[in-house]
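Trainee: My file is start.cif. It has mmCIF, C-alpha atoms (C1' of nucleotides):
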```cif
data_final
loop_
_atom_site.label_atom_id
_atom_site.label_comp_id
_atom_site.auth_asym_id
_atom_site.auth_seq_id
_atom_site.Cartn_x
_atom_site.Cartn_y
_atom_site.Cartn_z
CA MET T 1 -29.87 -50.44 -35.53
CA PRO T 2 -27.91 -50.52 -38.23
CA GLU T 3 -28.36 -53.96 -39.70
CA LEU T 4 -25.68 -56.05 -41.37
CA PRO T 5 -25.01 -53.72 -44.35
CA GLU T 6 -24.71 -50.65 -42.15
CA VAL T 7 -22.40 -52.41 -39.70
CA GLU T 8 -20.33 -53.73 -42.60
CA THR T 9 -20.10 -50.21 -44.00
CA VAL T 10 -19.04 -48.79 -40.66
CA ALA T 11 -16.45 -51.55 -40.12
CA ARG T 12 -14.99 -50.88 -43.56
CA GLY T 13 -14.91 -47.18 -42.87
CA LEU T 14 -13.01 -47.76 -39.64
CA ALA T 15 -10.37 -50.00 -41.21
CA LYS T 16 -8.38 -47.22 -42.81
CA PRO T 17 -7.99 -44.91 -39.79
CA LEU T 18 -7.63 -47.71 -37.23
CA GLU T 19 -5.78 -50.67 -38.72
CA ARG T 20 -2.06 -50.70 -37.97
CA HIS T 21 -2.55 -47.67 -35.75
CA ARG T 22 -2.20 -47.30 -32.02
CA LEU T 23 -4.86 -45.92 -29.71
CA VAL T 24 -3.03 -43.21 -27.82
CA LYS T 25 -5.96 -41.88 -25.82
CA VAL T 26 -9.25 -43.51 -24.84
CA GLU T 27 -11.94 -41.92 -22.74
CA THR T 28 -15.35 -43.10 -21.56
CA ARG T 29 -17.67 -40.29 -20.63
CA ARG T 30 -20.08 -42.38 -18.58
CA GLY T 31 -19.93 -45.74 -16.82
CA ASP T 32 -22.23 -47.69 -19.09
CA LEU T 33 -24.02 -47.98 -22.38
CA ARG T 34 -26.48 -50.83 -22.43
CA TRP T 35 -24.21 -52.51 -19.85
CA PRO T 36 -21.37 -51.20 -17.74
CA PHE T 37 -18.05 -51.05 -19.54
CA PRO T 38 -15.69 -53.86 -18.52
CA LYS T 39 -13.24 -53.04 -15.73
CA CYS T 40 -10.41 -50.72 -16.75
CA PHE T 41 -11.86 -50.56 -20.28
CA ALA T 42 -10.18 -47.32 -21.32
CA GLU T 43 -6.91 -48.23 -19.61
CA LYS T 44 -6.76 -51.60 -21.36
CA LEU T 45 -7.39 -50.02 -24.76
CA THR T 46 -4.88 -47.22 -24.33
CA GLY T 47 -1.60 -47.98 -26.07
CA ARG T 48 -2.99 -50.93 -28.03
CA LYS T 49 -2.43 -51.24 -31.73
CA VAL T 50 -5.43 -52.23 -33.87
CA LEU T 51 -4.56 -55.13 -36.15
CA LYS T 52 -7.85 -55.61 -37.97
CA VAL T 53 -11.39 -54.25 -38.04
CA ARG T 54 -14.13 -56.59 -39.18
CA ARG T 55 -17.78 -57.46 -38.69
CA ARG T 56 -19.42 -60.49 -37.11
CA ALA T 57 -23.23 -60.48 -37.25
CA LYS T 58 -24.10 -56.92 -36.20
CA TYR T 59 -20.96 -56.54 -34.11
CA ILE T 60 -17.88 -54.58 -35.03
CA VAL T 61 -14.73 -56.42 -34.00
CA ALA T 62 -11.42 -54.58 -33.65
CA GLU T 63 -8.60 -57.06 -33.09
CA LEU T 64 -5.86 -55.67 -30.90
CA ASP T 65 -2.18 -56.47 -30.56
CA ASP T 66 -2.56 -57.94 -27.06
CA GLY T 67 -4.78 -60.87 -28.04
CA ASN T 68 -7.97 -59.09 -27.12
CA SER T 69 -10.66 -57.63 -29.34
CA LEU T 70 -12.82 -54.60 -28.88
CA LEU T 71 -16.38 -55.68 -29.53
CA ALA T 72 -18.88 -52.96 -30.39
CA HIS T 73 -22.59 -53.08 -31.11
CA LEU T 74 -24.35 -49.98 -32.42
CA GLY T 75 -27.73 -50.88 -30.93
CA MET T 76 -30.48 -48.85 -32.55
CA SER T 77 -28.94 -45.42 -32.62
CA GLY T 78 -25.18 -45.93 -32.32
CA ARG T 79 -22.89 -44.00 -34.64
CA MET T 80 -19.16 -43.95 -35.14
CA LEU T 81 -18.05 -40.41 -35.84
CA LEU T 82 -14.60 -39.88 -37.30
CA SER T 83 -12.72 -36.65 -37.41
CA LYS T 84 -9.16 -35.57 -37.83
CA GLY T 85 -8.36 -34.32 -34.34
CA ARG T 86 -10.65 -34.17 -31.34
CA PRO T 87 -13.55 -31.75 -31.92
CA GLU T 88 -13.56 -28.72 -29.65
CA VAL T 89 -17.24 -29.21 -28.93
CA LEU T 90 -18.54 -32.72 -28.45
CA GLU T 91 -22.02 -33.78 -29.44
CA THR T 92 -24.63 -34.87 -26.94
CA HIS T 93 -24.32 -38.63 -26.38
CA ASP T 94 -20.66 -38.88 -27.38
CA HIS T 95 -19.93 -41.69 -24.90
CA VAL T 96 -16.54 -43.04 -25.93
CA ILE T 97 -13.70 -41.12 -27.52
CA MET T 98 -10.58 -42.69 -28.98
CA GLU T 99 -7.61 -40.99 -30.57
CA THR T 100 -5.02 -42.70 -32.74
CA ASP T 101 -1.31 -42.11 -33.21
CA ASP T 102 -2.21 -40.74 -36.62
CA GLY T 103 -4.44 -37.98 -35.26
CA TRP T 104 -7.79 -39.60 -36.00
CA CYS T 105 -10.50 -39.16 -33.43
CA LEU T 106 -13.29 -41.71 -33.22
CA ARG T 107 -16.40 -41.00 -31.18
CA PHE T 108 -19.04 -43.57 -30.33
CA ASN T 109 -22.27 -41.62 -30.15
CA ASP T 110 -25.43 -43.40 -29.05
CA ALA T 111 -28.51 -41.47 -27.98
CA ARG T 112 -30.57 -44.44 -26.89
CA ARG T 113 -27.67 -46.36 -25.38
CA PHE T 114 -28.86 -49.72 -26.70
CA GLY T 115 -25.33 -50.17 -27.98
CA MET T 116 -22.49 -51.86 -26.16
CA MET T 117 -18.73 -52.11 -26.04
CA ASP T 118 -16.79 -54.98 -24.56
CA LEU T 119 -13.30 -56.43 -24.47
CA VAL T 120 -12.93 -60.11 -25.20
CA GLN T 121 -10.09 -62.53 -25.91
CA THR T 122 -9.88 -62.74 -29.69
CA ASP T 123 -9.54 -66.54 -29.81
CA LYS T 124 -12.60 -66.89 -27.58
CA LEU T 125 -14.79 -64.49 -29.51
CA GLU T 126 -17.11 -67.17 -30.89
CA GLN T 127 -17.61 -68.54 -27.37
CA HIS T 128 -18.34 -65.08 -25.98
CA LYS T 129 -21.88 -64.89 -24.68
CA PRO T 130 -23.43 -62.42 -27.13
CA ILE T 131 -21.80 -64.14 -30.12
CA LYS T 132 -22.17 -67.76 -29.04
CA GLY T 133 -24.99 -69.52 -30.83
CA ILE T 134 -25.36 -66.85 -33.47
CA GLY T 135 -26.26 -68.22 -36.90
CA PRO T 136 -24.29 -68.31 -40.15
CA GLU T 137 -23.16 -65.19 -41.93
CA PRO T 138 -25.69 -64.79 -44.77
CA LEU T 139 -23.08 -63.55 -47.24
CA GLY T 140 -20.74 -66.48 -46.59
CA ASN T 141 -20.68 -70.01 -47.99
CA ALA T 142 -22.13 -71.42 -44.76
CA PHE T 143 -25.54 -69.99 -45.64
CA SER T 144 -27.77 -71.59 -48.25
CA GLY T 145 -31.35 -72.73 -48.89
CA PRO T 146 -30.89 -76.15 -47.27
CA ILE T 147 -29.12 -74.65 -44.26
CA LEU T 148 -31.88 -72.08 -43.80
CA ALA T 149 -34.52 -74.78 -44.23
CA ALA T 150 -32.85 -76.85 -41.50
CA ALA T 151 -32.78 -73.87 -39.14
CA LEU T 152 -36.49 -73.21 -39.75
CA LYS T 153 -37.55 -76.84 -39.34
CA GLY T 154 -40.14 -77.24 -36.61
CA LYS T 155 -40.24 -73.52 -35.81
CA LYS T 156 -43.78 -72.48 -34.98
CA THR T 157 -43.15 -68.75 -35.11
CA SER T 158 -43.71 -66.57 -38.18
CA ILE T 159 -41.04 -66.54 -40.88
CA LYS T 160 -40.57 -62.79 -40.25
CA ALA T 161 -39.79 -63.39 -36.57
CA ALA T 162 -37.60 -66.37 -37.50
CA ILE T 163 -35.26 -64.49 -39.82
CA LEU T 164 -34.97 -61.68 -37.25
CA ASP T 165 -33.72 -64.34 -34.84
CA GLN T 166 -29.93 -64.02 -34.93
CA LYS T 167 -29.58 -67.74 -34.15
CA VAL T 168 -31.21 -68.56 -37.49
CA VAL T 169 -29.15 -66.18 -39.60
CA ALA T 170 -26.80 -63.40 -38.52
CA GLY T 171 -27.33 -59.76 -39.31
CA VAL T 172 -30.87 -59.53 -40.68
CA GLY T 173 -32.86 -56.77 -38.99
CA ASN T 174 -36.34 -55.34 -39.32
CA ILE T 175 -35.86 -53.54 -42.63
CA TYR T 176 -34.12 -56.29 -44.56
CA ALA T 177 -36.46 -58.95 -43.15
CA SER T 178 -39.37 -57.22 -44.91
CA GLU T 179 -37.34 -56.57 -48.04
CA ALA T 180 -36.05 -60.15 -48.33
CA LEU T 181 -39.50 -61.69 -47.81
CA PHE T 182 -40.95 -59.40 -50.44
CA ARG T 183 -38.31 -60.41 -52.97
CA ALA T 184 -38.86 -64.06 -52.18
CA GLY T 185 -42.64 -63.73 -52.54
CA ILE T 186 -43.17 -65.18 -49.07
CA SER T 187 -45.77 -63.83 -46.64
CA PRO T 188 -44.23 -62.62 -43.38
CA LYS T 189 -47.09 -64.40 -41.60
CA ARG T 190 -46.25 -67.82 -42.98
CA LEU T 191 -45.13 -70.29 -40.32
CA ALA T 192 -41.34 -70.60 -40.33
CA MET T 193 -41.57 -74.39 -40.49
CA ARG T 194 -43.59 -74.03 -43.69
CA VAL T 195 -40.65 -72.43 -45.45
CA GLN T 196 -38.81 -75.43 -46.85
CA GLY T 197 -37.37 -76.65 -50.13
CA GLU T 198 -37.77 -74.21 -53.00
CA ARG T 199 -39.17 -71.46 -50.74
CA ALA T 200 -36.19 -71.69 -48.39
CA GLU T 201 -33.88 -71.62 -51.40
CA LYS T 202 -35.56 -68.49 -52.69
CA LEU T 203 -35.53 -66.80 -49.30
CA ALA T 204 -31.84 -67.54 -48.71
CA GLN T 205 -31.09 -66.11 -52.15
CA SER T 206 -33.21 -63.03 -51.50
CA ILE T 207 -31.48 -62.41 -48.17
CA LYS T 208 -28.08 -62.62 -49.88
CA THR T 209 -29.15 -60.41 -52.76
CA VAL T 210 -30.75 -57.65 -50.72
CA LEU T 211 -27.88 -57.54 -48.22
CA ASN T 212 -25.28 -57.53 -50.99
CA GLU T 213 -27.05 -54.70 -52.78
CA ALA T 214 -27.27 -52.73 -49.56
CA VAL T 215 -23.59 -53.27 -48.76
CA ALA T 216 -22.73 -52.14 -52.28
CA ALA T 217 -24.84 -49.02 -51.77
CA GLY T 218 -23.06 -48.27 -48.49
CA GLY T 219 -25.86 -49.34 -46.17
CA SER T 220 -29.26 -47.83 -45.61
CA SER T 221 -29.78 -44.74 -43.60
CA LEU T 222 -32.43 -43.33 -41.40
CA ARG T 223 -32.37 -39.68 -40.58
CA ASP T 224 -29.78 -40.02 -37.87
CA TYR T 225 -27.56 -42.67 -39.31
CA VAL T 226 -24.12 -41.62 -40.46
CA GLN T 227 -21.51 -44.13 -41.47
CA ALA T 228 -17.91 -44.03 -40.35
CA ASP T 229 -16.75 -41.57 -42.98
CA GLY T 230 -19.67 -39.27 -42.30
CA GLU T 231 -21.43 -39.98 -45.61
CA LEU T 232 -25.04 -41.06 -45.69
CA GLY T 233 -25.92 -44.41 -47.22
CA TYR T 234 -28.24 -44.56 -50.17
CA PHE T 235 -29.97 -47.89 -49.97
CA GLN T 236 -33.10 -46.46 -48.38
CA HIS T 237 -34.06 -45.17 -51.80
CA ARG T 238 -34.27 -48.78 -52.94
CA TRP T 239 -36.61 -50.07 -50.29
CA ARG T 240 -39.46 -51.79 -52.11
CA VAL T 241 -41.91 -52.28 -49.26
CA TYR T 242 -40.34 -50.96 -46.05
CA GLU T 243 -42.13 -47.77 -45.03
CA LYS T 244 -44.22 -47.97 -48.23
CA GLU T 245 -47.58 -48.56 -46.59
CA GLY T 246 -50.46 -47.76 -48.94
CA GLN T 247 -48.22 -47.49 -51.97
CA PRO T 248 -48.60 -49.72 -55.01
CA CYS T 249 -46.63 -52.97 -54.96
CA PRO T 250 -43.61 -52.63 -57.24
CA ASN T 251 -44.48 -56.04 -58.72
CA GLY T 252 -47.97 -55.28 -59.98
CA ASP T 253 -51.38 -54.31 -58.77
CA GLY T 254 -51.20 -55.07 -55.04
CA THR T 255 -50.91 -52.48 -52.26
CA VAL T 256 -48.23 -52.52 -49.58
CA LYS T 257 -49.64 -53.24 -46.16
CA ARG T 258 -48.19 -52.61 -42.71
CA ILE T 259 -48.77 -55.07 -39.91
CA THR T 260 -47.25 -55.54 -36.47
CA GLN T 261 -45.45 -58.73 -35.56
CA GLY T 262 -43.83 -59.14 -32.17
CA GLY T 263 -44.33 -55.44 -31.57
CA ARG T 264 -42.46 -54.44 -34.71
CA SER T 265 -43.60 -53.18 -38.09
CA THR T 266 -43.66 -55.49 -41.07
CA PHE T 267 -44.37 -54.27 -44.60
CA TYR T 268 -45.53 -56.62 -47.34
CA CYS T 269 -47.79 -57.12 -50.31
CA PRO T 270 -50.61 -59.55 -49.49
CA LYS T 271 -51.19 -60.10 -53.19
CA CYS T 272 -47.80 -61.40 -54.25
CA GLN T 273 -46.44 -62.72 -50.97
CA LYS T 274 -47.91 -66.09 -50.02
"C1'" DC H 1 -36.69 -75.95 -24.55
"C1'" DG H 2 -39.40 -72.58 -27.58
"C1'" DG H 3 -41.93 -68.56 -28.09
"C1'" DC H 4 -43.80 -64.26 -26.59
"C1'" DG H 5 -44.12 -59.79 -24.32
"C1'" DG H 6 -41.93 -56.37 -21.63
"C1'" DT H 7 -38.07 -53.56 -21.15
"C1'" DC H 8 -33.94 -50.65 -21.56
"C1'" DC H 9 -33.30 -45.10 -23.46
"C1'" DT H 10 -33.85 -40.69 -26.12
"C1'" DG H 11 -35.39 -38.28 -30.16
"C1'" DT H 12 -38.73 -37.18 -33.64
"C1'" DC H 13 -43.01 -36.59 -35.57
"C1'" DA H 14 -48.11 -36.31 -35.96
"C1'" DG H 15 -52.08 -34.61 -33.93
"C1'" DC H 16 -54.48 -31.69 -30.90
"C1'" DT S 1 -45.78 -23.04 -29.72
"C1'" DG S 2 -46.25 -26.79 -26.36
"C1'" DC S 3 -47.92 -30.98 -24.85
"C1'" DT S 4 -48.89 -36.11 -25.44
"C1'" DG S 5 -48.53 -40.45 -27.34
"C1'" DA S 6 -46.78 -43.52 -30.81
"C1'" DC S 7 -42.95 -45.17 -32.85
"C1'" DA S 8 -37.96 -46.03 -34.12
"C1'" DG S 9 -32.79 -50.07 -37.29
"C1'" DG S 10 -31.92 -54.54 -31.32
"C1'" DA S 11 -31.69 -58.07 -28.24
"C1'" DC S 12 -31.84 -59.59 -23.37
"C1'" DC S 13 -34.66 -61.43 -19.66
"C1'" DG S 14 -38.25 -63.64 -17.35
"C1'" DC S 15 -42.43 -65.97 -17.76
"C1'" DC S 16 -45.53 -69.52 -19.43
#
```
Go ahead and render the structure in this file as structure tokens.

Mentor:
Amino acid sequence: MPELPEVETVARGLAKPLERHRLVKVETRRGDLRWPFPKCFAEKLTGRKVLKVRRRAKYIVAELDDGNSLLAHLGMSGRMLLSKGRPEVLETHDHVIMETDDGWCLRFNDARRFGMMDLVQTDKLEQHKPIKGIGPEPLGNAFSGPILAAALKGKKTSIKAAILDQKVVAGVGNIYASEALFRAGISPKRLAMRVQGERAEKLAQSIKTVLNEAVAAGGSSLRDYVQADGELGYFQHRWRVYEKEGQPCPNGDGTVKRITQGGRSTFYCPKCQK
DNA sequence: CGGCGGTCCTGTCAGC
DNA sequence: TGCTGACAGGACCGCC
């Protein structure tokens, strides 16, 4: 999925067409994505005005004028496609279609259907099951070296697995986990509990830096990722280790290695990451 | 409870 | 070209 920077980019892209506009037509083209849509999902959205679009962790939150929020997760392959007017021919996997009073048409397209959409009371969002217990926003003030160190204390899993855990820090995914660890000079195999003090400080900083850079670049992109305005992001050109197996380490004379942790690829330089 | 592995689904790509 | 298997940005669930 889109990780934090991609979700942030999409949320920003949706603000202009959606905020202060009313959803005049909403259609679901199947009964479920990852889970079934809530009861009367389309009916409840129809006629609602969108007050604000924002991001929480990897979720897009659209606050509505009836006290509810539309919660959307892009999963691995979810895309928000915007067009002026409803396209005559829909794409395969266009699962939800919304039209605004201003003539914008938003399609949620998700081939793998790991994504989700839900309706939840806005003032209970943080208590909502998928959000409850999620860690601090890495780009906010509530995230720092000491706070990260505290979250890692006693954790016997690898530091790579730990920062992918949304309860430790929100929004880091598989790409930025590798990138942040590389920048911090920390081996992905190091025990999470062994990342304390100065190392935790450096890792927290690296997470902030890499995510900020990616947000500024408009998010990364894989082949099939298109952000809300249809433009491709450019951050993938700045990956230092992700998908760079066998290539020279950008820091010096090491070689980037690919390993598997928890069934997922990790890229790192064994020479400069300890 | 913490941690791990399996699982959901489709598309793409490498290799034969 | 067509087939097969591996792999893909996530996160829930059940098991130990």

Trainee: What is the atom CA of T:Gly171 to atom CA of T:Ala204 distance in Å?

Mentor: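 A separation of 13.0 Å between them.
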
Trainee: Evaluated on this file, the PyMOL selection byres ((chain S) within 9 of (chain T)) picks out some residues - which ones are they, written as a ChimeraX atom specification?

Mentor: /S:8-11

Trainee: What's the separation between atom CA of T:Ser144 and atom CA of T:Thr209, in Å to one decimal place?

Mentor: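 Atom-to-atom, atom CA of T:Ser144 to atom CA of T:Thr209, that is 12.1 Å.
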
Trainee: Translate the PyMOL selection byres ((chain H) within 10 of (chain T)) into a concrete residue list for this structure, as number ranges by chain.

Mentor: H: 2-5, 8-12

Trainee: With C-alpha atoms (C1' of nucleotides) retained, write the just-selected residues as a PDB file, in the coordinates of the input.

Mentor:
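Contents of selection.pdb, as written:
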```
ATOM      1  C1'  DG H   2     -39.400 -72.580 -27.580  1.00  0.00           C
ATOM      2  C1'  DG H   3     -41.930 -68.560 -28.090  1.00  0.00           C
ATOM      3  C1'  DC H   4     -43.800 -64.260 -26.590  1.00  0.00           C
ATOM      4  C1'  DG H   5     -44.120 -59.790 -24.320  1.00  0.00           C
ATOM      5  C1'  DC H   8     -33.940 -50.650 -21.560  1.00  0.00           C
ATOM      6  C1'  DC H   9     -33.300 -45.100 -23.460  1.00  0.00           C
ATOM      7  C1'  DT H  10     -33.850 -40.690 -26.120  1.00  0.00           C
ATOM      8  C1'  DG H  11     -35.390 -38.280 -30.160  1.00  0.00           C
ATOM      9  C1'  DT H  12     -38.730 -37.180 -33.640  1.00  0.00           C
TER      10       DT H  12
END
```

Trainee: Could you work out an axis-aligned bounding box for all listed atoms of chain H, with 3 Å added on each of the six sides, and give its centre and edge lengths in Å to one decimal, as JSON?

Mentor:
```
{"center_x": -43.9, "center_y": -53.8, "center_z": -28.6, "size_x": 27.2, "size_y": 50.3, "size_z": 20.8}
```
